[in-house]
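Undergrad: Dropping in my_file_36.pdb, which is PDB, C-alpha atoms:
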```pdb
ATOM      1  CA  MET A   1       2.836  12.521 -14.787  1.00  0.00           C
ATOM      2  CA  VAL A   2       5.907  14.589 -14.013  1.00  0.00           C
ATOM      3  CA  ALA A   3       9.223  13.047 -15.105  1.00  0.00           C
ATOM      4  CA  ARG A   4      11.496  12.162 -12.188  1.00  0.00           C
ATOM      5  CA  ALA A   5      14.722  10.331 -11.615  1.00  0.00           C
ATOM      6  CA  GLY A   6      13.402   7.537  -9.391  1.00  0.00           C
ATOM      7  CA  LYS A   7      10.498   5.063  -9.572  1.00  0.00           C
ATOM      8  CA  PHE A   8       7.549   4.921  -7.193  1.00  0.00           C
ATOM      9  CA  ILE A   9       5.855   1.538  -6.672  1.00  0.00           C
ATOM     10  CA  THR A  10       3.016   0.959  -4.242  1.00  0.00           C
ATOM     11  CA  PHE A  11       1.409  -2.233  -2.933  1.00  0.00           C
ATOM     12  CA  GLU A  12      -2.274  -2.357  -2.042  1.00  0.00           C
ATOM     13  CA  GLY A  13      -4.739  -4.929  -0.768  1.00  0.00           C
ATOM     14  CA  GLY A  14      -6.888  -5.952   2.143  1.00  0.00           C
ATOM     15  CA  GLU A  15      -5.821  -7.213   5.553  1.00  0.00           C
ATOM     16  CA  GLY A  16      -3.493 -10.222   5.450  1.00  0.00           C
ATOM     17  CA  ALA A  17      -2.814  -9.909   1.720  1.00  0.00           C
ATOM     18  CA  GLY A  18       0.926 -10.408   2.164  1.00  0.00           C
ATOM     19  CA  LYS A  19       1.954  -6.961   0.979  1.00  0.00           C
ATOM     20  CA  SER A  20       4.848  -6.555   3.409  1.00  0.00           C
ATOM     21  CA  THR A  21       6.412  -9.848   2.299  1.00  0.00           C
ATOM     22  CA  GLN A  22       6.161  -8.921  -1.374  1.00  0.00           C
ATOM     23  CA  VAL A  23       7.533  -5.417  -0.747  1.00  0.00           C
ATOM     24  CA  ARG A  24      10.608  -6.985   0.837  1.00  0.00           C
ATOM     25  CA  LEU A  25      11.079  -9.586  -1.918  1.00  0.00           C
ATOM     26  CA  LEU A  26      10.812  -7.014  -4.693  1.00  0.00           C
ATOM     27  CA  ALA A  27      13.161  -4.634  -2.889  1.00  0.00           C
ATOM     28  CA  ASN A  28      15.737  -7.403  -2.478  1.00  0.00           C
ATOM     29  CA  ARG A  29      15.680  -8.195  -6.198  1.00  0.00           C
ATOM     30  CA  LEU A  30      16.043  -4.574  -7.191  1.00  0.00           C
ATOM     31  CA  GLN A  31      18.905  -4.072  -4.745  1.00  0.00           C
ATOM     32  CA  ARG A  32      20.720  -7.020  -6.306  1.00  0.00           C
ATOM     33  CA  LEU A  33      20.563  -5.144  -9.604  1.00  0.00           C
ATOM     34  CA  GLY A  34      22.228  -2.157  -7.990  1.00  0.00           C
ATOM     35  CA  LYS A  35      19.107  -0.059  -7.466  1.00  0.00           C
ATOM     36  CA  GLN A  36      18.934   2.213  -4.432  1.00  0.00           C
ATOM     37  CA  ILE A  37      15.741   1.269  -2.596  1.00  0.00           C
ATOM     38  CA  VAL A  38      13.628   3.024   0.016  1.00  0.00           C
ATOM     39  CA  MET A  39      11.069   0.713   1.622  1.00  0.00           C
ATOM     40  CA  THR A  40       8.318   2.510   3.480  1.00  0.00           C
ATOM     41  CA  ARG A  41       4.700   2.214   4.555  1.00  0.00           C
ATOM     42  CA  GLU A  42       1.454   4.041   5.240  1.00  0.00           C
ATOM     43  CA  PRO A  43       0.193   5.190   7.535  1.00  0.00           C
ATOM     44  CA  GLY A  44       3.685   6.032   8.705  1.00  0.00           C
ATOM     45  CA  GLY A  45       7.033   6.151   6.977  1.00  0.00           C
ATOM     46  CA  SER A  46       8.249   9.345   8.664  1.00  0.00           C
ATOM     47  CA  VAL A  47       8.616  10.334  12.310  1.00  0.00           C
ATOM     48  CA  LYS A  48       5.463  12.454  12.415  1.00  0.00           C
ATOM     49  CA  ALA A  49       3.471  10.023  10.294  1.00  0.00           C
ATOM     50  CA  GLU A  50       4.397   7.085  12.543  1.00  0.00           C
ATOM     51  CA  ALA A  51       3.006   9.000  15.532  1.00  0.00           C
ATOM     52  CA  ILE A  52      -0.245   9.524  13.635  1.00  0.00           C
ATOM     53  CA  ARG A  53      -0.254   5.834  12.668  1.00  0.00           C
ATOM     54  CA  LYS A  54      -0.587   4.848  16.330  1.00  0.00           C
ATOM     55  CA  LEU A  55      -3.629   7.093  16.738  1.00  0.00           C
ATOM     56  CA  LEU A  56      -5.270   5.707  13.611  1.00  0.00           C
ATOM     57  CA  LEU A  57      -4.684   2.008  14.198  1.00  0.00           C
ATOM     58  CA  ASP A  58      -5.608   1.951  17.881  1.00  0.00           C
ATOM     59  CA  GLY A  59      -8.954   3.553  17.073  1.00  0.00           C
ATOM     60  CA  ARG A  60      -8.557   6.890  18.859  1.00  0.00           C
ATOM     61  CA  ILE A  61      -9.489   8.802  15.693  1.00  0.00           C
ATOM     62  CA  ALA A  62     -12.315   6.443  14.654  1.00  0.00           C
ATOM     63  CA  ARG A  63     -14.789   7.956  17.107  1.00  0.00           C
ATOM     64  CA  PHE A  64     -14.608  11.229  15.176  1.00  0.00           C
ATOM     65  CA  GLY A  65     -15.734   9.534  11.965  1.00  0.00           C
ATOM     66  CA  ALA A  66     -14.371   8.625   8.540  1.00  0.00           C
ATOM     67  CA  PHE A  67     -13.760  12.249   7.526  1.00  0.00           C
ATOM     68  CA  ALA A  68     -11.489  12.812  10.513  1.00  0.00           C
ATOM     69  CA  GLU A  69      -9.629   9.602   9.653  1.00  0.00           C
ATOM     70  CA  ALA A  70      -9.201  10.703   6.040  1.00  0.00           C
ATOM     71  CA  LEU A  71      -7.815  14.052   7.193  1.00  0.00           C
ATOM     72  CA  MET A  72      -5.353  12.382   9.568  1.00  0.00           C
ATOM     73  CA  PHE A  73      -4.206   9.977   6.850  1.00  0.00           C
ATOM     74  CA  SER A  74      -3.691  12.980   4.578  1.00  0.00           C
ATOM     75  CA  ILE A  75      -1.696  14.871   7.214  1.00  0.00           C
ATOM     76  CA  ALA A  76       0.506  11.820   7.724  1.00  0.00           C
ATOM     77  CA  ARG A  77       0.864  11.352   3.953  1.00  0.00           C
ATOM     78  CA  ASP A  78       1.862  14.975   3.445  1.00  0.00           C
ATOM     79  CA  ASP A  79       4.760  14.646   5.901  1.00  0.00           C
ATOM     80  CA  HIS A  80       5.712  11.256   4.477  1.00  0.00           C
ATOM     81  CA  LEU A  81       5.878  12.702   0.967  1.00  0.00           C
ATOM     82  CA  GLU A  82       7.811  15.791   1.954  1.00  0.00           C
ATOM     83  CA  THR A  83      10.391  14.148   4.189  1.00  0.00           C
ATOM     84  CA  VAL A  84      10.836  10.682   2.661  1.00  0.00           C
ATOM     85  CA  ILE A  85       9.240   9.935  -0.705  1.00  0.00           C
ATOM     86  CA  ARG A  86       9.934  13.037  -2.785  1.00  0.00           C
ATOM     87  CA  PRO A  87      13.557  13.452  -1.618  1.00  0.00           C
ATOM     88  CA  ALA A  88      14.230   9.781  -2.413  1.00  0.00           C
ATOM     89  CA  LEU A  89      12.683  10.037  -5.876  1.00  0.00           C
ATOM     90  CA  ASP A  90      14.640  13.214  -6.600  1.00  0.00           C
ATOM     91  CA  LYS A  91      17.848  11.303  -5.835  1.00  0.00           C
ATOM     92  CA  GLY A  92      16.910   8.606  -8.338  1.00  0.00           C
ATOM     93  CA  ASN A  93      15.987   6.014  -5.722  1.00  0.00           C
ATOM     94  CA  TRP A  94      13.208   3.480  -6.129  1.00  0.00           C
ATOM     95  CA  VAL A  95      10.516   3.951  -3.467  1.00  0.00           C
ATOM     96  CA  ILE A  96       8.415   0.895  -2.604  1.00  0.00           C
ATOM     97  CA  CYS A  97       5.511   1.709  -0.306  1.00  0.00           C
ATOM     98  CA  ASP A  98       3.172  -0.639   1.560  1.00  0.00           C
ATOM     99  CA  ARG A  99      -0.165   1.206   1.027  1.00  0.00           C
ATOM    100  CA  PHE A 100      -0.696   4.692  -0.331  1.00  0.00           C
ATOM    101  CA  MET A 101      -3.538   6.800  -1.729  1.00  0.00           C
ATOM    102  CA  ASP A 102      -5.692   3.904  -2.990  1.00  0.00           C
ATOM    103  CA  SER A 103      -6.096   2.634   0.567  1.00  0.00           C
ATOM    104  CA  THR A 104      -7.670   5.949   1.570  1.00  0.00           C
ATOM    105  CA  MET A 105     -10.153   5.671  -1.291  1.00  0.00           C
ATOM    106  CA  ALA A 106     -10.993   2.090  -0.296  1.00  0.00           C
ATOM    107  CA  TYR A 107     -11.021   2.342   3.509  1.00  0.00           C
ATOM    108  CA  GLN A 108     -12.356   5.831   4.153  1.00  0.00           C
ATOM    109  CA  GLY A 109     -14.110   6.258   0.795  1.00  0.00           C
ATOM    110  CA  ALA A 110     -15.938   2.983   0.232  1.00  0.00           C
ATOM    111  CA  GLY A 111     -15.547   1.609   3.745  1.00  0.00           C
ATOM    112  CA  GLY A 112     -16.333   4.892   5.489  1.00  0.00           C
ATOM    113  CA  ASN A 113     -18.938   6.038   2.949  1.00  0.00           C
ATOM    114  CA  LEU A 114     -17.145   9.297   2.162  1.00  0.00           C
ATOM    115  CA  PRO A 115     -17.820  10.853  -1.266  1.00  0.00           C
ATOM    116  CA  GLU A 116     -15.223  10.042  -3.896  1.00  0.00           C
ATOM    117  CA  SER A 117     -15.011  13.740  -4.741  1.00  0.00           C
ATOM    118  CA  LEU A 118     -13.875  14.515  -1.192  1.00  0.00           C
ATOM    119  CA  ILE A 119     -11.150  11.847  -1.267  1.00  0.00           C
ATOM    120  CA  ARG A 120     -10.010  13.019  -4.703  1.00  0.00           C
ATOM    121  CA  GLY A 121      -9.810  16.570  -3.420  1.00  0.00           C
ATOM    122  CA  LEU A 122      -7.521  15.555  -0.572  1.00  0.00           C
ATOM    123  CA  GLU A 123      -5.504  13.472  -3.035  1.00  0.00           C
ATOM    124  CA  ARG A 124      -5.000  16.391  -5.422  1.00  0.00           C
ATOM    125  CA  THR A 125      -3.934  18.675  -2.579  1.00  0.00           C
ATOM    126  CA  VAL A 126      -1.567  16.288  -0.804  1.00  0.00           C
ATOM    127  CA  VAL A 127      -0.295  13.885  -3.482  1.00  0.00           C
ATOM    128  CA  GLY A 128      -0.345  16.252  -6.427  1.00  0.00           C
ATOM    129  CA  ASP A 129       1.959  14.955  -9.158  1.00  0.00           C
ATOM    130  CA  THR A 130       3.685  12.416  -6.886  1.00  0.00           C
ATOM    131  CA  ARG A 131       1.498   9.551  -7.974  1.00  0.00           C
ATOM    132  CA  PRO A 132       2.768   5.970  -8.143  1.00  0.00           C
ATOM    133  CA  ASP A 133       4.339   4.817 -11.393  1.00  0.00           C
ATOM    134  CA  LEU A 134       3.019   1.327 -10.687  1.00  0.00           C
ATOM    135  CA  THR A 135       0.607  -0.115  -8.140  1.00  0.00           C
ATOM    136  CA  ILE A 136       0.471  -3.813  -7.339  1.00  0.00           C
ATOM    137  CA  LEU A 137      -2.883  -4.911  -5.928  1.00  0.00           C
ATOM    138  CA  ILE A 138      -2.804  -8.255  -4.129  1.00  0.00           C
ATOM    139  CA  ASP A 139      -6.346  -9.600  -4.139  1.00  0.00           C
ATOM    140  CA  LEU A 140      -7.724 -12.434  -2.032  1.00  0.00           C
ATOM    141  CA  PRO A 141     -10.973 -13.350  -0.261  1.00  0.00           C
ATOM    142  CA  PRO A 142     -11.324 -11.387   2.992  1.00  0.00           C
ATOM    143  CA  SER A 143     -11.951 -14.580   4.976  1.00  0.00           C
ATOM    144  CA  VAL A 144      -8.492 -15.820   3.967  1.00  0.00           C
ATOM    145  CA  GLY A 145      -6.843 -12.479   4.709  1.00  0.00           C
ATOM    146  CA  ILE A 146      -8.381 -12.117   8.153  1.00  0.00           C
ATOM    147  CA  GLU A 147      -7.376 -15.673   9.065  1.00  0.00           C
ATOM    148  CA  ARG A 148      -3.808 -14.861   8.025  1.00  0.00           C
ATOM    149  CA  ALA A 149      -3.861 -11.674  10.085  1.00  0.00           C
ATOM    150  CA  ARG A 150      -5.056 -13.587  13.154  1.00  0.00           C
ATOM    151  CA  ALA A 151      -2.369 -16.242  12.681  1.00  0.00           C
ATOM    152  CA  ARG A 152       0.252 -13.480  12.460  1.00  0.00           C
ATOM    153  CA  LEU A 153      -0.972 -12.014  15.748  1.00  0.00           C
ATOM    154  CA  GLN A 154      -0.668 -15.400  17.448  1.00  0.00           C
ATOM    155  CA  GLN A 155       2.950 -15.628  16.285  1.00  0.00           C
ATOM    156  CA  ASN A 156       3.730 -12.174  17.652  1.00  0.00           C
ATOM    157  CA  SER A 157       3.376 -12.335  21.400  1.00  0.00           C
ATOM    158  CA  GLY A 158       1.661  -9.236  22.707  1.00  0.00           C
ATOM    159  CA  GLY A 159       0.180  -8.362  19.333  1.00  0.00           C
ATOM    160  CA  LYS A 160      -3.384  -7.146  19.106  1.00  0.00           C
ATOM    161  CA  THR A 161      -5.971  -6.632  16.380  1.00  0.00           C
ATOM    162  CA  ASP A 162      -5.901  -3.093  15.004  1.00  0.00           C
ATOM    163  CA  ARG A 163      -8.880  -0.865  14.286  1.00  0.00           C
ATOM    164  CA  PHE A 164      -9.363  -2.094  10.705  1.00  0.00           C
ATOM    165  CA  GLU A 165      -8.627  -5.797  11.218  1.00  0.00           C
ATOM    166  CA  ALA A 166     -11.368  -5.798  13.869  1.00  0.00           C
ATOM    167  CA  MET A 167     -14.081  -4.677  11.433  1.00  0.00           C
ATOM    168  CA  ASP A 168     -16.762  -7.174  10.386  1.00  0.00           C
ATOM    169  CA  MET A 169     -16.594  -9.314   7.237  1.00  0.00           C
ATOM    170  CA  ALA A 170     -19.075  -7.109   5.372  1.00  0.00           C
ATOM    171  CA  PHE A 171     -16.634  -4.203   5.727  1.00  0.00           C
ATOM    172  CA  HIS A 172     -13.767  -6.283   4.355  1.00  0.00           C
ATOM    173  CA  GLU A 173     -15.875  -7.527   1.440  1.00  0.00           C
ATOM    174  CA  LYS A 174     -16.674  -3.906   0.650  1.00  0.00           C
ATOM    175  CA  LEU A 175     -12.965  -3.057   0.743  1.00  0.00           C
ATOM    176  CA  ARG A 176     -12.114  -5.872  -1.637  1.00  0.00           C
ATOM    177  CA  GLN A 177     -14.643  -4.688  -4.189  1.00  0.00           C
ATOM    178  CA  ALA A 178     -13.467  -1.095  -3.779  1.00  0.00           C
ATOM    179  CA  PHE A 179      -9.866  -2.043  -4.550  1.00  0.00           C
ATOM    180  CA  LEU A 180     -10.971  -4.045  -7.594  1.00  0.00           C
ATOM    181  CA  ASP A 181     -13.049  -1.104  -8.829  1.00  0.00           C
ATOM    182  CA  ILE A 182     -10.093   1.262  -8.394  1.00  0.00           C
ATOM    183  CA  ALA A 183      -7.927  -1.151 -10.383  1.00  0.00           C
ATOM    184  CA  LYS A 184     -10.526  -1.432 -13.137  1.00  0.00           C
ATOM    185  CA  ASN A 185     -10.610   2.352 -13.459  1.00  0.00           C
ATOM    186  CA  ASN A 186      -6.801   2.668 -13.506  1.00  0.00           C
ATOM    187  CA  PRO A 187      -5.560  -0.227 -15.685  1.00  0.00           C
ATOM    188  CA  GLU A 188      -2.474   1.678 -16.862  1.00  0.00           C
ATOM    189  CA  ARG A 189      -1.204   2.002 -13.283  1.00  0.00           C
ATOM    190  CA  ILE A 190      -2.659  -0.899 -11.296  1.00  0.00           C
ATOM    191  CA  SER A 191      -2.008  -4.606 -11.868  1.00  0.00           C
ATOM    192  CA  VAL A 192      -3.975  -7.218  -9.924  1.00  0.00           C
ATOM    193  CA  PHE A 193      -2.377 -10.407  -8.585  1.00  0.00           C
ATOM    194  CA  ASP A 194      -3.842 -13.489  -6.914  1.00  0.00           C
ATOM    195  CA  GLY A 195      -3.022 -13.312  -3.205  1.00  0.00           C
ATOM    196  CA  GLU A 196      -3.819 -17.009  -2.709  1.00  0.00           C
ATOM    197  CA  LEU A 197      -0.731 -18.024  -4.683  1.00  0.00           C
ATOM    198  CA  PRO A 198       2.284 -19.317  -2.711  1.00  0.00           C
ATOM    199  CA  PRO A 199       4.509 -16.337  -1.812  1.00  0.00           C
ATOM    200  CA  ASP A 200       7.356 -17.462  -4.116  1.00  0.00           C
ATOM    201  CA  GLU A 201       5.047 -17.846  -7.108  1.00  0.00           C
ATOM    202  CA  LEU A 202       3.399 -14.509  -6.409  1.00  0.00           C
ATOM    203  CA  ALA A 203       6.817 -12.870  -6.127  1.00  0.00           C
ATOM    204  CA  LYS A 204       7.832 -14.420  -9.454  1.00  0.00           C
ATOM    205  CA  GLN A 205       4.780 -13.002 -11.214  1.00  0.00           C
ATOM    206  CA  ILE A 206       5.303  -9.562  -9.709  1.00  0.00           C
ATOM    207  CA  TRP A 207       8.949  -9.608 -10.752  1.00  0.00           C
ATOM    208  CA  GLU A 208       8.014 -10.556 -14.308  1.00  0.00           C
ATOM    209  CA  LEU A 209       5.780  -7.482 -14.493  1.00  0.00           C
ATOM    210  CA  VAL A 210       8.306  -5.085 -12.956  1.00  0.00           C
ATOM    211  CA  SER A 211      11.272  -6.386 -14.956  1.00  0.00           C
ATOM    212  CA  LYS A 212       9.342  -6.133 -18.215  1.00  0.00           C
ATOM    213  CA  ARG A 213       7.960  -2.678 -17.526  1.00  0.00           C
ATOM    214  CA  TYR A 214      11.320  -1.220 -16.559  1.00  0.00           C
ATOM    215  CA  SER A 215      13.539  -3.304 -18.873  1.00  0.00           C
ATOM    216  CA  LEU A 216      15.331  -5.085 -16.018  1.00  0.00           C
ATOM    217  CA  ALA A 217      16.921  -8.540 -15.908  1.00  0.00           C
ATOM    218  CA  PRO A 218      13.846 -10.823 -16.185  1.00  0.00           C
ATOM    219  CA  LYS A 219      15.648 -14.038 -15.193  1.00  0.00           C
ATOM    220  CA  LEU A 220      16.913 -12.843 -11.825  1.00  0.00           C
ATOM    221  CA  SER A 221      16.406 -15.602  -9.251  1.00  0.00           C
ATOM    222  CA  ALA A 222      13.309 -15.329  -7.086  1.00  0.00           C
ATOM    223  CA  ARG A 223      15.294 -16.323  -4.014  1.00  0.00           C
ATOM    224  CA  THR A 224      16.381 -13.511  -1.708  1.00  0.00           C
TER     225      THR A 224
END
```
So that I can check it, write out the structure of this file as structure tokens.
TA:
Amino acid sequence: MVARAGKFITFEGGEGAGKSTQVRLLANRLQRLGKQIVMTREPGGSVKAEAIRKLLLDGRIARFGAFAEALMFSIARDDHLETVIRPALDKGNWVICDRFMDSTMAYQGAGGNLPESLIRGLERTVVGDTRPDLTILIDLPPSVGIERARARLQQNSGGKTDRFEAMDMAFHEKLRQAFLDIAKNNPERISVFDGELPPDELAKQIWELVSKRYSLAPKLSART
């Protein structure tokens, strides 16, 4: 991996895993230590990528198949990397991203039945050396995650189920196993956490990992 000034941390997991909450909690802790933080997400994170996000999540690309989706995710990721992630890392900022390349391998690879070699080829071309320093995989049973996602929609008036949340349980079970397989094959980069833990306890465990790995203040309060 190429040496760079900043750190790149990604969060992965199925629907309703609580990634966005944990991204925010970790970012808050790091900011309190004086770190410059860029919080971002995929698909999206840049102006062009956010436009592509709408097409992907409302299902307009799905009718063209998993390969078309993988290409659109890669186009969005390329712009996201060039305009947001790489400039931030070059400045010495910490980038914390809600989903990245592992989601493409899980969703379009395992979920969409695309060959791993094809996904890896796109990854090499688009991501190159800008791979995450650390990936946090939040694992939980799909039935729990989908129920959480539905409850979130009920709280947000006008919200609707996106293209991936609407998939059947067999698809989500396949995704879960795909993420676990990716983690098993990349133990030096990916750490797996129990998504059924209370958010504060989960945040505490994640902070213990990050603080130890990067020699930060391990006793920083979990409260934001």
Undergrad: Rounded to one decimal in Å, what is the spacing between atom CA of A:Gly45 and atom CA of A:Glu201?
TA: 27.9 Å
Undergrad: Given all atoms listed in the file as the basis, pick out the residue of A:Ala178, A:Val23, A:Val192, A:Leu33 nearest to A:Gly111.
TA: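 Closest to A:Gly111, using all atoms listed in the file: A:Ala178.
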Undergrad: Fewer than 5 positions away in the same chain doesn't count, so skip those; otherwise give me all residues within 10 Å of A:Val38, counting all atoms listed in the file, as a list of chain:residue names.
TA: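 Using all atoms listed in the file, the neighbours found are A:Phe8, A:Ala27, A:Val84, A:Ile85, A:Ala88, A:Leu89, A:Asn93, A:Trp94, A:Val95, A:Ile96, A:Cys97.
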Undergrad: What do you get, as a VMD selection string, if you spell out every residue that the PyMOL selection byres ((chain A and resi 10) around 8) selects here?
TA: chain A and resid 8 to 9 11 to 12 96 to 100 132 134 to 136
Undergrad: Using all atoms listed in the file, determine which residues lie at most 8 Å from stretch 107-110 of chain A, disregarding the query and same-chain residues fewer than 3 positions distant; provide the list as a ChimeraX atom specification.
TA: /A:66-67,69-70,103-104,113-116,119,174-175,178
Undergrad: Which residues of stretch 50-133 of chain A have any atom within 10 Å of an atom in stretch 180-190 of chain A when counting only C-alpha atoms, and what is the closest pair of atoms for each, with the distance in Å to one decimal? Order the rows by chain and rising number and write it as a Markdown table.
TA:
```
| residue | atom | partner | partner_atom | distance |
| --- | --- | --- | --- | --- |
| A:Asp102 | CA | A:Ile182 | CA | 7.5 |
| A:Ser103 | CA | A:Ile182 | CA | 9.9 |
| A:Met105 | CA | A:Ile182 | CA | 8.4 |
| A:Ala106 | CA | A:Ile182 | CA | 8.2 |
| A:Arg131 | CA | A:Arg189 | CA | 9.6 |
| A:Pro132 | CA | A:Arg189 | CA | 7.6 |
| A:Asp133 | CA | A:Arg189 | CA | 6.5 |
```
Undergrad: For A:Phe164, which of A:Ala5, A:Leu202, A:Ala149, A:Leu81 is the closest residue, counting only C-alpha atoms?
TA: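 The closest residue to A:Phe164 is A:Ala149.
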Undergrad: Enclose the full set of atoms of stretch 117-123 of chain A listed in the file within a box whose edges lie along x, y and z, apply 3 Å of padding to each of the six sides, and report centre and edge lengths in Å to one decimal as JSON.
TA:
```
{"center_x": -10.3, "center_y": 14.2, "center_z": -2.7, "size_x": 15.5, "size_y": 10.7, "size_z": 10.2}
```
Undergrad: In Å to one decimal, how far is atom CA of A:Leu137 from atom CA of A:Lys19?
TA: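 Interatomic distance, atom CA of A:Lys19 to atom CA of A:Leu137: 8.7 Å.
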Undergrad: How many Å lie between atom CA of A:Pro199 and atom CA of A:Gln155, rounded to one decimal?
TA: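 Value for the atom CA of A:Pro199-atom CA of A:Gln155 distance: 18.2 Å.
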Undergrad: I need the residue nearest A:Phe193 from this list: A:Val144, A:Met39, A:Ala166, A:Ile138. Use all atoms listed in the file for the distance.
TA: A:Ile138
Undergrad: Between A:Ile37, A:Glu15, A:Asp200, A:Gly145, which one has atoms that come closest to A:Lys91, using all atoms listed in the file?
TA: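 Of all the options, A:Ile37 lies closest to A:Lys91.
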Undergrad: For the structure shown, which residues end up in the PyMOL selection byres ((chain A and resi 71) around 12)? Put them as a PyMOL selection string, please?
TA: chain A and resi 43+52+56+61-62+64-70+72-78+104+108-109+114+118-119+121-123+125-126
Undergrad: Write a file of the selected residues as a CSV table (one decimal), in the frame of the given file, keeping C-alpha atoms.
TA:
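And here is the file that came out, part.csv:
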```
chain,number,residue,atom,x,y,z
A,43,PRO,CA,0.2,5.2,7.5
A,52,ILE,CA,-0.2,9.5,13.6
A,56,LEU,CA,-5.3,5.7,13.6
A,61,ILE,CA,-9.5,8.8,15.7
A,62,ALA,CA,-12.3,6.4,14.7
A,64,PHE,CA,-14.6,11.2,15.2
A,65,GLY,CA,-15.7,9.5,12.0
A,66,ALA,CA,-14.4,8.6,8.5
A,67,PHE,CA,-13.8,12.2,7.5
A,68,ALA,CA,-11.5,12.8,10.5
A,69,GLU,CA,-9.6,9.6,9.7
A,70,ALA,CA,-9.2,10.7,6.0
A,72,MET,CA,-5.4,12.4,9.6
A,73,PHE,CA,-4.2,10.0,6.8
A,74,SER,CA,-3.7,13.0,4.6
A,75,ILE,CA,-1.7,14.9,7.2
A,76,ALA,CA,0.5,11.8,7.7
A,77,ARG,CA,0.9,11.4,4.0
A,78,ASP,CA,1.9,15.0,3.4
A,104,THR,CA,-7.7,5.9,1.6
A,108,GLN,CA,-12.4,5.8,4.2
A,109,GLY,CA,-14.1,6.3,0.8
A,114,LEU,CA,-17.1,9.3,2.2
A,118,LEU,CA,-13.9,14.5,-1.2
A,119,ILE,CA,-11.2,11.8,-1.3
A,121,GLY,CA,-9.8,16.6,-3.4
A,122,LEU,CA,-7.5,15.6,-0.6
A,123,GLU,CA,-5.5,13.5,-3.0
A,125,THR,CA,-3.9,18.7,-2.6
A,126,VAL,CA,-1.6,16.3,-0.8
```
Undergrad: A:His80, A:Arg150, A:Arg63, A:Arg29: which is nearest A:Arg41, counting only C-alpha atoms?
TA: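 When distances to A:Arg41 are compared using only C-alpha atoms, the smallest one comes from A:His80.
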Undergrad: Taking all atoms listed in the file into account, name the residue in A:Ser20, A:Pro198, A:Glu165, A:Leu26 that is nearest to A:Gly59.
TA: A:Glu165
Undergrad: Just so the selection is clear, what residues does the PyMOL selection byres ((chain A and resi 214-218) around 12) cover here, as a PyMOL selection string?
TA: chain A and resi 6-9+29-35+94+133-134+204-213+219-222
